[in-house]
Structures are given as C-alpha cells and as structure tokens.
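> Next comes the structure file final-v6.tsv, holding TSV, C-alpha atoms.
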```tsv
chain	number	residue	atom	x	y	z
A	1	MET	CA	0.00	0.00	0.00
A	2	ARG	CA	1.17	3.48	-0.84
A	3	ALA	CA	1.17	6.34	1.61
A	4	ARG	CA	-1.51	8.94	1.00
A	5	SER	CA	-0.75	11.67	-1.53
A	6	GLY	CA	-2.69	14.49	-3.13
A	7	LEU	CA	-4.17	14.22	-6.61
A	8	ALA	CA	-2.49	16.37	-9.23
A	9	ALA	CA	-4.62	19.23	-10.52
A	10	ALA	CA	-5.27	17.56	-13.88
A	11	ASP	CA	-6.37	14.35	-12.16
A	12	ALA	CA	-8.56	16.16	-9.63
A	13	GLN	CA	-10.21	18.11	-12.45
A	14	LEU	CA	-11.23	14.87	-14.17
A	15	PHE	CA	-12.40	13.38	-10.87
A	16	TRP	CA	-14.64	16.39	-10.17
A	17	LEU	CA	-15.94	16.41	-13.76
A	18	SER	CA	-16.90	12.74	-13.45
A	19	ARG	CA	-19.59	13.77	-10.97
A	20	VAL	CA	-21.22	15.91	-13.66
A	21	THR	CA	-20.56	13.92	-16.83
A	22	PRO	CA	-19.30	10.33	-16.44
A	23	ASN	CA	-15.83	9.78	-17.91
A	24	ASP	CA	-14.87	6.24	-16.84
A	25	GLN	CA	-12.66	4.38	-19.30
A	26	PHE	CA	-13.73	0.93	-20.50
A	27	LEU	CA	-10.82	-1.11	-21.88
A	28	LEU	CA	-12.13	-4.22	-23.62
A	29	TYR	CA	-9.98	-7.29	-24.36
A	30	GLY	CA	-11.23	-10.32	-26.29
A	31	PHE	CA	-9.41	-13.67	-25.98
A	32	ASP	CA	-9.29	-16.78	-28.16
A	33	GLY	CA	-10.61	-19.94	-26.53
A	34	ARG	CA	-12.17	-20.87	-23.22
A	35	PRO	CA	-10.12	-19.70	-20.21
A	36	ALA	CA	-8.96	-22.16	-17.59
A	37	ALA	CA	-10.61	-22.21	-14.19
A	38	GLY	CA	-9.23	-19.62	-11.78
A	39	ALA	CA	-8.39	-17.04	-14.48
A	40	LEU	CA	-10.19	-14.21	-12.68
A	41	GLU	CA	-8.50	-15.11	-9.40
A	42	GLU	CA	-5.14	-14.80	-11.12
A	43	VAL	CA	-6.10	-11.26	-12.23
A	44	ARG	CA	-7.02	-10.46	-8.64
A	45	HIS	CA	-3.63	-11.60	-7.37
A	46	ARG	CA	-1.94	-9.28	-9.86
A	47	ALA	CA	-4.14	-6.38	-8.78
A	48	GLU	CA	-3.23	-6.96	-5.13
A	49	ALA	CA	0.47	-6.79	-6.07
A	50	LEU	CA	0.26	-3.51	-8.05
A	51	PRO	CA	0.22	-0.23	-6.07
A	52	ASP	CA	-2.09	1.60	-8.48
A	53	PHE	CA	-4.86	-0.91	-7.84
A	54	GLY	CA	-4.72	-0.36	-4.07
A	55	LEU	CA	-6.01	3.22	-4.07
A	56	ARG	CA	-9.21	5.19	-3.63
A	57	VAL	CA	-9.95	8.92	-3.62
A	58	VAL	CA	-10.71	10.84	-0.43
A	59	ASP	CA	-12.28	14.27	-0.97
A	60	ASP	CA	-13.28	15.67	2.40
A	61	THR	CA	-12.49	19.39	2.28
A	62	ARG	CA	-13.07	22.07	-0.34
A	63	TRP	CA	-9.81	23.84	0.51
A	64	ARG	CA	-7.43	21.04	-0.43
A	65	TYR	CA	-7.03	18.72	-3.36
A	66	PRO	CA	-8.50	15.23	-3.04
A	67	ARG	CA	-5.95	12.65	-2.02
A	68	TRP	CA	-5.17	9.04	-2.76
A	69	GLU	CA	-5.43	6.67	0.18
A	70	PRO	CA	-4.71	2.94	0.43
A	71	ALA	CA	-7.70	0.70	-0.20
A	72	ALA	CA	-7.92	-3.08	-0.10
A	73	VAL	CA	-9.00	-4.87	-3.27
A	74	ARG	CA	-12.70	-5.72	-2.86
A	75	ASP	CA	-14.78	-8.65	-4.07
A	76	GLU	CA	-17.16	-6.16	-5.71
A	77	GLN	CA	-14.36	-5.12	-8.09
A	78	PHE	CA	-14.69	-8.42	-9.98
A	79	VAL	CA	-18.02	-8.86	-11.74
A	80	VAL	CA	-19.00	-11.88	-13.85
A	81	HIS	CA	-21.71	-11.37	-16.48
A	82	ALA	CA	-23.52	-14.41	-17.81
A	83	THR	CA	-24.43	-12.68	-21.08
A	84	PRO	CA	-21.58	-12.83	-23.61
A	85	ILE	CA	-20.61	-9.89	-25.81
A	86	GLY	CA	-18.81	-9.98	-29.13
A	87	PRO	CA	-16.54	-7.55	-30.96
A	88	GLY	CA	-19.34	-6.29	-33.21
A	89	ASP	CA	-21.80	-5.28	-30.50
A	90	PRO	CA	-20.41	-4.63	-27.02
A	91	GLY	CA	-23.48	-2.54	-26.14
A	92	ALA	CA	-23.77	-4.04	-22.66
A	93	LEU	CA	-20.91	-1.77	-21.58
A	94	ALA	CA	-23.20	1.25	-21.86
A	95	ARG	CA	-25.33	-0.19	-19.05
A	96	LEU	CA	-22.53	-0.73	-16.56
A	97	PRO	CA	-22.73	1.50	-13.46
A	98	HIS	CA	-20.14	4.23	-13.25
A	99	LEU	CA	-17.45	4.20	-10.62
A	100	ASP	CA	-17.42	6.17	-7.41
A	101	ALA	CA	-13.67	6.58	-7.03
A	102	THR	CA	-14.08	7.42	-3.35
A	103	ARG	CA	-15.06	3.77	-2.96
A	104	VAL	CA	-13.35	1.94	-5.83
A	105	ALA	CA	-11.28	3.46	-8.64
A	106	TRP	CA	-11.46	0.46	-10.96
A	107	ARG	CA	-13.41	-2.70	-11.66
A	108	VAL	CA	-12.89	-5.82	-13.80
A	109	HIS	CA	-15.83	-7.31	-15.71
A	110	LEU	CA	-15.79	-10.78	-17.22
A	111	PHE	CA	-18.35	-11.35	-19.96
A	112	GLU	CA	-18.28	-15.12	-20.15
A	113	PRO	CA	-16.47	-16.85	-21.41
A	114	ASN	CA	-13.63	-14.77	-22.80
A	115	VAL	CA	-14.14	-10.97	-22.88
A	116	VAL	CA	-12.55	-8.93	-20.09
A	117	VAL	CA	-13.38	-5.27	-19.59
A	118	VAL	CA	-11.21	-3.19	-17.27
A	119	GLN	CA	-13.16	-0.16	-16.06
A	120	ILE	CA	-10.88	2.60	-14.72
A	121	SER	CA	-11.57	6.01	-13.23
A	122	HIS	CA	-10.04	8.72	-15.39
A	123	ALA	CA	-8.43	10.14	-12.25
A	124	LEU	CA	-6.25	7.02	-12.13
A	125	GLY	CA	-4.78	7.58	-15.57
A	126	ASP	CA	-5.17	8.76	-19.16
A	127	GLY	CA	-5.61	6.37	-22.09
A	128	THR	CA	-1.94	5.45	-22.28
A	129	ARG	CA	-1.47	4.90	-18.56
A	130	SER	CA	-4.76	3.02	-18.20
A	131	SER	CA	-3.72	0.72	-21.05
A	132	ALA	CA	-0.47	-0.03	-19.22
A	133	LEU	CA	-2.40	-0.76	-16.02
A	134	ALA	CA	-4.83	-3.10	-17.78
A	135	ALA	CA	-1.97	-4.87	-19.54
A	136	ALA	CA	-0.28	-5.48	-16.18
A	137	LEU	CA	-3.48	-7.13	-14.93
A	138	LEU	CA	-3.50	-9.37	-18.00
A	139	GLY	CA	0.05	-10.61	-17.76
A	140	ARG	CA	2.33	-8.13	-19.49
A	141	PRO	CA	5.64	-8.19	-17.61
A	142	ALA	CA	6.66	-4.62	-18.47
A	143	GLY	CA	6.20	-2.34	-15.48
A	144	VAL	CA	3.64	0.44	-15.13
A	145	PRO	CA	5.14	3.95	-15.28
A	146	PRO	CA	5.96	5.29	-11.80
A	147	VAL	CA	3.27	7.23	-10.02
A	148	PRO	CA	3.94	10.97	-10.26
A	149	ALA	CA	4.26	13.10	-7.14
A	150	PRO	CA	2.25	16.31	-7.67
A	151	ARG	CA	4.21	19.55	-7.38
A	152	ARG	CA	2.58	22.88	-6.62
A	153	GLY	CA	4.16	26.16	-7.59
A	154	SER	CA	3.24	29.82	-7.41
A	155	ALA	CA	-0.08	30.18	-9.19
A	156	VAL	CA	0.47	33.86	-9.99
A	157	ARG	CA	3.94	33.25	-11.39
A	158	CYS	CA	2.73	30.33	-13.50
A	159	PHE	CA	-0.29	32.23	-14.84
A	160	VAL	CA	1.91	35.15	-15.86
A	161	ALA	CA	4.37	32.80	-17.55
A	162	ALA	CA	1.55	31.10	-19.43
A	163	ALA	CA	0.17	34.43	-20.65
A	164	ARG	CA	3.59	35.53	-21.88
A	165	ALA	CA	4.31	32.21	-23.58
A	166	HIS	CA	1.39	32.32	-26.01
A	167	ARG	CA	2.55	33.37	-29.45
A	168	ASP	CA	0.71	31.31	-32.10
A	169	PRO	CA	-3.02	32.03	-32.32
A	170	PRO	CA	-5.15	28.97	-31.45
A	171	ARG	CA	-6.94	27.10	-34.22
A	172	PRO	CA	-10.43	28.63	-34.59
A	173	PRO	CA	-13.36	26.52	-33.38
A	174	ARG	CA	-15.64	24.77	-35.86
A	175	PRO	CA	-19.43	25.08	-36.25
A	176	ALA	CA	-21.45	22.58	-34.24
A	177	LEU	CA	-23.39	20.02	-36.30
A	178	SER	CA	-26.15	17.52	-35.55
A	179	VAL	CA	-23.66	15.05	-34.01
A	180	ASN	CA	-22.92	17.75	-31.42
A	181	GLY	CA	-26.42	17.56	-29.99
A	182	ALA	CA	-26.79	16.51	-26.37
A	183	PRO	CA	-27.25	12.74	-26.02
A	184	ALA	CA	-30.93	12.01	-25.52
A	185	GLY	CA	-31.36	8.30	-26.16
A	186	VAL	CA	-29.82	4.91	-25.50
A	187	PRO	CA	-26.05	4.79	-26.10
A	188	VAL	CA	-25.03	2.39	-28.87
A	189	LEU	CA	-21.57	0.77	-29.10
A	190	ARG	CA	-20.17	-0.97	-32.16
A	191	THR	CA	-16.70	-2.19	-33.14
A	192	LEU	CA	-15.11	-2.95	-36.51
A	193	LEU	CA	-11.99	-5.12	-36.56
A	194	ILE	CA	-9.38	-4.73	-39.29
A	195	ASP	CA	-5.89	-6.06	-39.92
A	196	ARG	CA	-3.27	-3.35	-39.43
A	197	SER	CA	-1.82	-4.03	-42.89
A	198	ARG	CA	-5.09	-2.91	-44.53
A	199	LEU	CA	-4.92	0.57	-42.99
A	200	THR	CA	-3.03	2.56	-45.60
A	201	GLY	CA	-1.40	5.76	-44.45
A	202	PRO	CA	1.58	7.02	-42.49
A	203	THR	CA	0.08	5.86	-39.18
A	204	VAL	CA	-2.92	3.90	-37.95
A	205	THR	CA	-4.33	7.11	-36.45
A	206	VAL	CA	-4.14	8.98	-39.75
A	207	ALA	CA	-5.65	6.03	-41.64
A	208	ALA	CA	-8.57	5.84	-39.19
A	209	LEU	CA	-9.16	9.60	-39.30
A	210	THR	CA	-9.08	9.47	-43.11
A	211	ALA	CA	-11.83	6.83	-43.11
A	212	ILE	CA	-13.85	8.68	-40.46
A	213	GLY	CA	-13.61	11.88	-42.53
A	214	ALA	CA	-15.13	10.12	-45.54
A	215	ALA	CA	-17.82	8.32	-43.54
A	216	LEU	CA	-18.89	11.24	-41.36
A	217	GLY	CA	-18.68	13.71	-44.24
A	218	GLY	CA	-20.94	11.54	-46.37
A	219	TYR	CA	-23.34	10.87	-43.50
A	220	LEU	CA	-23.81	14.56	-42.68
A	221	THR	CA	-23.90	15.70	-46.31
A	222	ALA	CA	-26.77	13.28	-46.93
A	223	ARG	CA	-28.63	15.12	-44.19
A	224	GLY	CA	-28.08	18.52	-45.75
A	225	GLU	CA	-25.34	19.73	-43.40
A	226	ASP	CA	-22.30	21.82	-44.32
A	227	VAL	CA	-19.18	19.72	-43.77
A	228	SER	CA	-16.65	22.15	-45.25
A	229	ARG	CA	-15.09	22.65	-41.81
A	230	LEU	CA	-15.66	19.18	-40.43
A	231	SER	CA	-13.14	18.27	-37.74
A	232	ALA	CA	-12.30	15.78	-35.01
A	233	GLU	CA	-11.21	16.37	-31.44
A	234	VAL	CA	-8.15	14.18	-30.90
A	235	PRO	CA	-6.36	13.64	-27.55
A	236	VAL	CA	-2.59	13.95	-28.00
A	237	ALA	CA	0.09	13.29	-25.40
A	238	GLY	CA	1.50	16.33	-23.66
A	239	PRO	CA	5.20	17.07	-23.18
A	240	PRO	CA	6.99	14.65	-20.83
A	241	THR	CA	6.07	15.45	-17.25
A	242	ASP	CA	5.79	13.90	-13.82
A	243	LEU	CA	3.05	16.30	-12.75
A	244	ALA	CA	0.00	14.09	-13.25
A	245	ARG	CA	-1.38	10.69	-14.17
A	246	ASN	CA	-3.30	12.39	-17.00
A	247	ASN	CA	-0.98	14.01	-19.51
A	248	PHE	CA	-2.84	14.88	-22.68
A	249	ARG	CA	-4.65	17.72	-24.39
A	250	ASN	CA	-7.48	17.69	-26.90
A	251	VAL	CA	-6.73	19.29	-30.27
A	252	GLY	CA	-8.81	19.98	-33.36
A	253	VAL	CA	-7.85	18.15	-36.55
A	254	GLY	CA	-9.57	18.82	-39.88
A	255	LEU	CA	-11.21	15.86	-41.62
A	256	TYR	CA	-11.37	17.30	-45.18
A	257	PRO	CA	-14.21	15.15	-46.55
A	258	SER	CA	-14.20	16.95	-49.94
A	259	LEU	CA	-10.69	15.69	-50.78
A	260	ASP	CA	-9.84	12.31	-52.25
A	261	ARG	CA	-8.39	9.73	-49.88
A	262	ASP	CA	-4.73	10.53	-50.51
A	263	GLY	CA	-5.28	14.28	-50.28
A	264	ARG	CA	-7.36	13.89	-47.12
A	265	ALA	CA	-4.73	11.67	-45.50
A	266	ALA	CA	-1.97	14.17	-46.31
A	267	ARG	CA	-3.87	17.10	-44.80
A	268	ILE	CA	-4.83	15.13	-41.69
A	269	ALA	CA	-1.23	13.99	-41.19
A	270	ALA	CA	-0.04	17.60	-41.52
A	271	ASP	CA	-2.63	18.81	-39.00
A	272	LEU	CA	-1.62	16.15	-36.48
A	273	ALA	CA	2.07	16.91	-36.94
A	274	GLU	CA	1.43	20.61	-36.39
A	275	GLN	CA	-0.62	19.98	-33.26
A	276	ARG	CA	2.03	17.65	-31.85
A	277	ARG	CA	4.68	20.26	-32.59
A	278	ARG	CA	2.69	22.70	-30.49
A	279	THR	CA	2.69	20.36	-27.49
A	280	GLY	CA	6.36	21.13	-26.91
A	281	GLN	CA	6.00	24.88	-27.24
A	282	PRO	CA	6.50	27.11	-24.19
A	283	ALA	CA	2.81	28.05	-24.14
A	284	VAL	CA	1.67	24.46	-23.66
A	285	VAL	CA	4.32	23.74	-21.04
A	286	ALA	CA	3.40	26.95	-19.20
A	287	ASP	CA	-0.32	26.11	-19.35
A	288	ALA	CA	0.35	22.73	-17.72
A	289	ALA	CA	2.43	24.39	-15.01
A	290	ALA	CA	-0.32	26.96	-14.42
A	291	LEU	CA	-2.94	24.24	-14.01
A	292	ALA	CA	-0.68	22.31	-11.63
A	293	ALA	CA	-0.26	25.45	-9.50
A	294	THR	CA	-3.97	26.34	-9.33
A	295	PRO	CA	-5.27	26.40	-5.73
A	296	ALA	CA	-7.70	23.58	-5.02
A	297	TRP	CA	-10.58	25.88	-4.09
A	298	LEU	CA	-10.22	27.83	-7.34
A	299	LEU	CA	-10.11	24.79	-9.61
A	300	ARG	CA	-13.02	23.21	-7.71
A	301	TRP	CA	-15.01	26.42	-8.19
A	302	GLY	CA	-14.23	26.45	-11.91
A	303	VAL	CA	-15.30	22.84	-12.41
A	304	GLY	CA	-18.44	23.55	-10.39
A	305	ARG	CA	-19.44	26.23	-12.88
A	306	PHE	CA	-19.56	23.68	-15.71
A	307	ASP	CA	-23.16	23.49	-16.93
A	308	PRO	CA	-23.86	20.32	-18.93
A	309	ALA	CA	-27.08	21.87	-20.23
A	310	ALA	CA	-25.32	24.88	-21.76
A	311	ARG	CA	-25.08	24.83	-25.55
A	312	SER	CA	-22.42	26.29	-27.82
A	313	THR	CA	-22.56	27.04	-31.54
A	314	THR	CA	-18.90	26.06	-31.94
A	315	VAL	CA	-16.77	23.07	-30.97
A	316	THR	CA	-13.13	21.98	-31.06
A	317	GLY	CA	-14.20	18.94	-33.08
A	318	ASN	CA	-17.49	17.54	-34.35
A	319	THR	CA	-16.54	14.07	-33.11
A	320	VAL	CA	-13.90	12.62	-30.81
A	321	VAL	CA	-11.27	10.15	-32.05
A	322	SER	CA	-9.09	8.61	-29.33
A	323	SER	CA	-6.25	6.44	-30.66
A	324	VAL	CA	-4.02	4.26	-28.47
A	325	ASN	CA	-1.55	1.55	-29.51
A	326	ARG	CA	-1.83	-1.11	-26.80
A	327	GLY	CA	1.32	-2.89	-27.91
A	328	ALA	CA	2.19	-6.45	-28.69
A	329	ALA	CA	-0.35	-9.27	-28.52
A	330	ASP	CA	1.34	-10.63	-25.40
A	331	LEU	CA	-1.65	-10.64	-23.03
A	332	SER	CA	-3.52	-13.73	-21.90
A	333	PHE	CA	-6.44	-14.73	-19.71
A	334	GLY	CA	-6.63	-18.21	-18.29
A	335	GLY	CA	-4.17	-19.46	-20.90
A	336	CYS	CA	-6.04	-17.88	-23.84
A	337	PRO	CA	-4.15	-15.38	-26.02
A	338	VAL	CA	-5.55	-11.91	-26.65
A	339	ALA	CA	-7.32	-11.53	-30.00
A	340	TYR	CA	-8.30	-7.85	-30.01
A	341	THR	CA	-8.79	-4.81	-27.81
A	342	ALA	CA	-11.18	-1.87	-28.02
A	343	GLY	CA	-12.14	1.32	-26.21
A	344	PHE	CA	-15.10	3.68	-26.25
A	345	PRO	CA	-14.55	7.38	-25.44
A	346	ALA	CA	-17.41	8.74	-23.36
A	347	LEU	CA	-20.19	10.83	-24.86
A	348	SER	CA	-20.54	14.34	-23.50
A	349	PRO	CA	-23.11	17.15	-23.58
A	350	MET	CA	-21.59	18.39	-26.88
A	351	GLN	CA	-20.53	15.03	-28.35
A	352	SER	CA	-23.10	12.45	-29.45
A	353	LEU	CA	-20.61	10.49	-31.56
A	354	THR	CA	-17.13	9.35	-30.50
A	355	HIS	CA	-14.61	6.88	-31.87
A	356	GLY	CA	-11.92	4.66	-30.41
A	357	VAL	CA	-8.96	3.38	-32.41
A	358	HIS	CA	-7.08	0.70	-30.49
A	359	GLY	CA	-4.51	-1.77	-31.74
A	360	ILE	CA	-2.89	-4.82	-30.22
A	361	GLY	CA	-0.59	-7.00	-32.26
A	362	ASN	CA	-1.76	-6.83	-35.87
A	363	THR	CA	-5.44	-6.21	-35.11
A	364	VAL	CA	-6.97	-2.75	-34.93
A	365	ALA	CA	-10.43	-2.03	-33.56
A	366	VAL	CA	-12.25	1.06	-34.81
A	367	SER	CA	-15.10	1.59	-32.38
A	368	VAL	CA	-18.16	3.81	-32.46
A	369	HIS	CA	-20.00	5.14	-29.41
A	370	ALA	CA	-23.15	7.01	-30.41
A	371	ASP	CA	-26.41	8.38	-29.10
A	372	SER	CA	-29.33	6.56	-30.70
A	373	VAL	CA	-31.41	9.73	-31.04
A	374	SER	CA	-28.79	12.06	-32.53
A	375	VAL	CA	-27.15	9.47	-34.82
A	376	ASP	CA	-28.51	6.87	-37.24
A	377	VAL	CA	-25.93	4.39	-36.05
A	378	GLU	CA	-26.51	1.66	-38.64
A	379	ASP	CA	-26.28	4.10	-41.55
A	380	TYR	CA	-23.12	5.65	-40.17
A	381	LEU	CA	-21.53	2.30	-39.35
A	382	ASP	CA	-22.13	1.03	-42.89
A	383	ARG	CA	-20.44	4.15	-44.26
A	384	LEU	CA	-17.49	3.71	-41.90
A	385	ALA	CA	-17.10	0.03	-42.82
A	386	HIS	CA	-17.09	0.99	-46.49
A	387	ALA	CA	-14.50	3.72	-45.91
A	388	LEU	CA	-12.28	1.16	-44.14
A	389	GLY	CA	-12.66	-1.31	-47.00
A	390	LEU	CA	-14.72	-3.74	-44.92
A	391	PRO	CA	-18.03	-5.47	-45.72
A	392	ALA	CA	-21.14	-3.62	-44.57
A	393	ALA	CA	-21.63	-3.86	-40.82
A	394	THR	CA	-24.19	-6.36	-39.61
```
Just give me the structure of the file as structure tokens.


Amino acid sequence: MRARSGLAAADAQLFWLSRVTPNDQFLLYGFDGRPAAGALEEVRHRAEALPDFGLRVVDDTRWRYPRWEPAAVRDEQFVVHATPIGPGDPGALARLPHLDATRVAWRVHLFEPNVVVVQISHALGDGTRSSALAAALLGRPAGVPPVPAPRRGSAVRCFVAAARAHRDPPRPPRPALSVNGAPAGVPVLRTLLIDRSRLTGPTVTVAALTAIGAALGGYLTARGEDVSRLSAEVPVAGPPTDLARNNFRNVGVGLYPSLDRDGRAARIAADLAEQRRRTGQPAVVADAAALAATPAWLLRWGVGRFDPAARSTTVTGNTVVSSVNRGAADLSFGGCPVAYTAGFPALSPMQSLTHGVHGIGNTVAVSVHADSVSVDVEDYLDRLAHALGLPAAT
C-alpha cells in the first residue's frame, strides 16, 4: 500500500468532472478460446500486487485537493456477467454503473467466457497509462510507469508565464453540427476489426481519421449539413512530465471530406504533426504548469461552474477520435491469447458520436460510441465500414 498523496490538478479536475458527466474508461480485451478455471482469481492476485490498484480517492475538504489513500482490493471489483458480448456489438458496456472513485477506482468485468473489460476512473490515468495498467493485470511483464508526485508552484507566477508564452493564435473553433447535440437516447456501441496491414497511411491514427472523414462527411452531407469545416477532437500526449497521471490535451484536426483519400490523408497527417509540434512549445508547457499550480478551491469552483445543459454554436471537433496503440499481442487470460482490444470514449453534452482506435498486435479495432437519437448508427456504421474497405456492418 502506498502512503496517502494528493491528486495532481489535472487528475482532480477529471475526478470532479466525473460527478457531472461520467468519464470512466472501458478497456475491452477479447481472448481466443475458453479460459482455464481460476483465471479471474489470477487477475485479482496481480491487482493486489500492483500499487495503483490499491487506491481510492478521499475528498473531504473544499480547501485542499482530493488525495489518494490505500484501499484493499474488494470482491465487488470483480463482476461476472452471464451474457456474452462480441466484438461487433459490445453494447452491454453502456449499461454498466459508473465508478465512485471514493469507494473503488477500478473494476474488472468478465463477460463469459472470454471478454474482459477493465473499467478505470479517469483520475487514475489517461488512455496510455490506463492501457499499461490493464496490460499489467492481464500478464504483461513490463512495469507500469511510476506514479507521479504532484508539485505545486506559485499560481500567480505560473499564470503570468503562461500568458507571456502564447505566441501562435489557437486554431479557430468549428461550427457545431447535428452530431454535437446533447445525447438524448440509448447509447449504442459498435466495433469494426481490421488487420493493421489494410490501414493505408503514415500511421494507424491517420488512416482511421481518413476513413472517419469520408464516412462522417458523407453521412452529414446526406442530411443537408455543411461539412466544409468538419473536424475531429483528438487527444494527444503532452510534453513529458511527472506532474500528473493524466498528460494529454485535446486538439482539433480537420477531416477534409471533400478531398480524395490521398489528399485527405496528407492534410490530416499535416494537421496532427502541427498539433504535436505545439505540445512542446512554451505556451503548452506553461499552461500545464499553471494548471498544476492552481489552488484547489479555485479549480473546484471552476469545475463547479460547468453546466452540462449549456449549448455552444462552436466546438473543437465535431466528433472525438481517441487512438491508443496497446502494444504487442502478449496478453492472456486463463491461458487464452488476446485476439483484439477496443475502447469507447465517453459521450458528452456536446458530443453524441465518438470513436476509439485501439490496436494490439496486428489487429486494430475502430469503435463507435453514439447516441441513438442524434445518430442513425446503422447508416453511419455502414459508411465507416465501407471507408475502411470492410463489408457492410451487420
């Protein structure tokens, strides 16, 4: 068990936001075969040996940041579901209860016989760190990155430095479209599996964005919407830091649906490269330092002013695309090798359609998480399958 320590500002912000709009991460792993008896108990033993899985959040005063405290692994953190789920329709995940990190910060679900879902509070880690934690539960020998120790500085000094560091004007926001309506129906989850070799482009992320640009552009154009400024909100890793468990920022990337595939891929790749270049600029570094130095009461007040019912005519991106490479296919469960992995970025008050792009070994899952009222999911999924060069979704 680790000694108690305060949450970093970025982690506390996500913890407080989870009370308003759920942001748990669901990391799905499918395995080939029928696991041996005792597979879930083996996962529990690993959890008991890893410090990150022995923590819960304590938030008992408005004047200080929440803190991590030791917590024993509980029976309730391992849930077996009799109903199986497959890669094409993991919709049961949308019905899982969200975590209260003051009680448990993670949970493992087994959908019999061979699908494991690791549910993790966003306060415990971003997509990259959570993937490393889940992999450790499922047998990867590589260690989890060390837990950062939050550092507080002078808020005034950091805010002044951040203001002085800004030189390049930010990318202008894009007009909101129908997929930016507030979710009003039943969430729908779907996953398309594709061999990595079939994703043409400089990277898997660019290839997936290129396909999403074609599919979403066609879907919205058919509904009479203007897609000339269509874009995606993409989480990108921040500059190396030990300030927080969550180290990313969301950037806008154009999707260019009017261009042919090669032209669209080139523009998307250029946008991503430019946004990643910006992550190392003094302004971004200074912004992170300013957030880390924000007094707890001030950040809590700011998060408390978030109104999920408020609407905006502009957005950073019309959809979210979260892409994480989960490494080699070296995971196993009860002696069964991993076949695929997937993830489903949460919907939000301004996002009724999100995508996950997750690879393990040579298999990539392109996942869709959509609101059934705002999005004709079957129509969109067929368009996405076509753009990826796959048969129509069933």

> May I have the residues within 10 Å of Arg95 in chain A as a PyMOL selection string, using all atoms listed in the file and disregarding those fewer than 4 positions away in the same chain?

chain A and resi 91+186-187

> My list of candidates is A:Thr341, A:Thr363, A:Asn250, A:Ser374. Which is closest to Thr316 in chain A when distances are computed with all atoms listed in the file?

A:Asn250

> Please work out which residues fall within 12 Å of (-2.1, 16.2, -6.7), coordinates as given in the file, with all atoms listed in the file counting, and return them as a ChimeraX atom specification.

/A:4-15,57-59,64-68,123-124,147-153,242-246,291-296

> Filtering to C-alpha atoms, could you give me those residues as a PDB file, keeping the file's coordinate frame?


```pdb
ATOM      1  CA  ARG A   4      -1.510   8.940   1.000  1.00  0.00           C
ATOM      2  CA  SER A   5      -0.750  11.670  -1.530  1.00  0.00           C
ATOM      3  CA  GLY A   6      -2.690  14.490  -3.130  1.00  0.00           C
ATOM      4  CA  LEU A   7      -4.170  14.220  -6.610  1.00  0.00           C
ATOM      5  CA  ALA A   8      -2.490  16.370  -9.230  1.00  0.00           C
ATOM      6  CA  ALA A   9      -4.620  19.230 -10.520  1.00  0.00           C
ATOM      7  CA  ALA A  10      -5.270  17.560 -13.880  1.00  0.00           C
ATOM      8  CA  ASP A  11      -6.370  14.350 -12.160  1.00  0.00           C
ATOM      9  CA  ALA A  12      -8.560  16.160  -9.630  1.00  0.00           C
ATOM     10  CA  GLN A  13     -10.210  18.110 -12.450  1.00  0.00           C
ATOM     11  CA  LEU A  14     -11.230  14.870 -14.170  1.00  0.00           C
ATOM     12  CA  PHE A  15     -12.400  13.380 -10.870  1.00  0.00           C
ATOM     13  CA  VAL A  57      -9.950   8.920  -3.620  1.00  0.00           C
ATOM     14  CA  VAL A  58     -10.710  10.840  -0.430  1.00  0.00           C
ATOM     15  CA  ASP A  59     -12.280  14.270  -0.970  1.00  0.00           C
ATOM     16  CA  ARG A  64      -7.430  21.040  -0.430  1.00  0.00           C
ATOM     17  CA  TYR A  65      -7.030  18.720  -3.360  1.00  0.00           C
ATOM     18  CA  PRO A  66      -8.500  15.230  -3.040  1.00  0.00           C
ATOM     19  CA  ARG A  67      -5.950  12.650  -2.020  1.00  0.00           C
ATOM     20  CA  TRP A  68      -5.170   9.040  -2.760  1.00  0.00           C
ATOM     21  CA  ALA A 123      -8.430  10.140 -12.250  1.00  0.00           C
ATOM     22  CA  LEU A 124      -6.250   7.020 -12.130  1.00  0.00           C
ATOM     23  CA  VAL A 147       3.270   7.230 -10.020  1.00  0.00           C
ATOM     24  CA  PRO A 148       3.940  10.970 -10.260  1.00  0.00           C
ATOM     25  CA  ALA A 149       4.260  13.100  -7.140  1.00  0.00           C
ATOM     26  CA  PRO A 150       2.250  16.310  -7.670  1.00  0.00           C
ATOM     27  CA  ARG A 151       4.210  19.550  -7.380  1.00  0.00           C
ATOM     28  CA  ARG A 152       2.580  22.880  -6.620  1.00  0.00           C
ATOM     29  CA  GLY A 153       4.160  26.160  -7.590  1.00  0.00           C
ATOM     30  CA  ASP A 242       5.790  13.900 -13.820  1.00  0.00           C
ATOM     31  CA  LEU A 243       3.050  16.300 -12.750  1.00  0.00           C
ATOM     32  CA  ALA A 244       0.000  14.090 -13.250  1.00  0.00           C
ATOM     33  CA  ARG A 245      -1.380  10.690 -14.170  1.00  0.00           C
ATOM     34  CA  ASN A 246      -3.300  12.390 -17.000  1.00  0.00           C
ATOM     35  CA  LEU A 291      -2.940  24.240 -14.010  1.00  0.00           C
ATOM     36  CA  ALA A 292      -0.680  22.310 -11.630  1.00  0.00           C
ATOM     37  CA  ALA A 293      -0.260  25.450  -9.500  1.00  0.00           C
ATOM     38  CA  THR A 294      -3.970  26.340  -9.330  1.00  0.00           C
ATOM     39  CA  PRO A 295      -5.270  26.400  -5.730  1.00  0.00           C
ATOM     40  CA  ALA A 296      -7.700  23.580  -5.020  1.00  0.00           C
TER      41      ALA A 296
END
```

> Which is closest to Val117 in chain A among A:Val284, A:Val251, A:Val43, A:Ala370, if we use all atoms listed in the file?

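Ranked by minimum distance to Val117 in chain A, first place goes to A:Val43.
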
> Would you work out the distance separating CA of His369 in chain A from CA of Tyr219 in chain A, expressed in Å to one decimal?

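These two atoms are separated by 15.6 Å.
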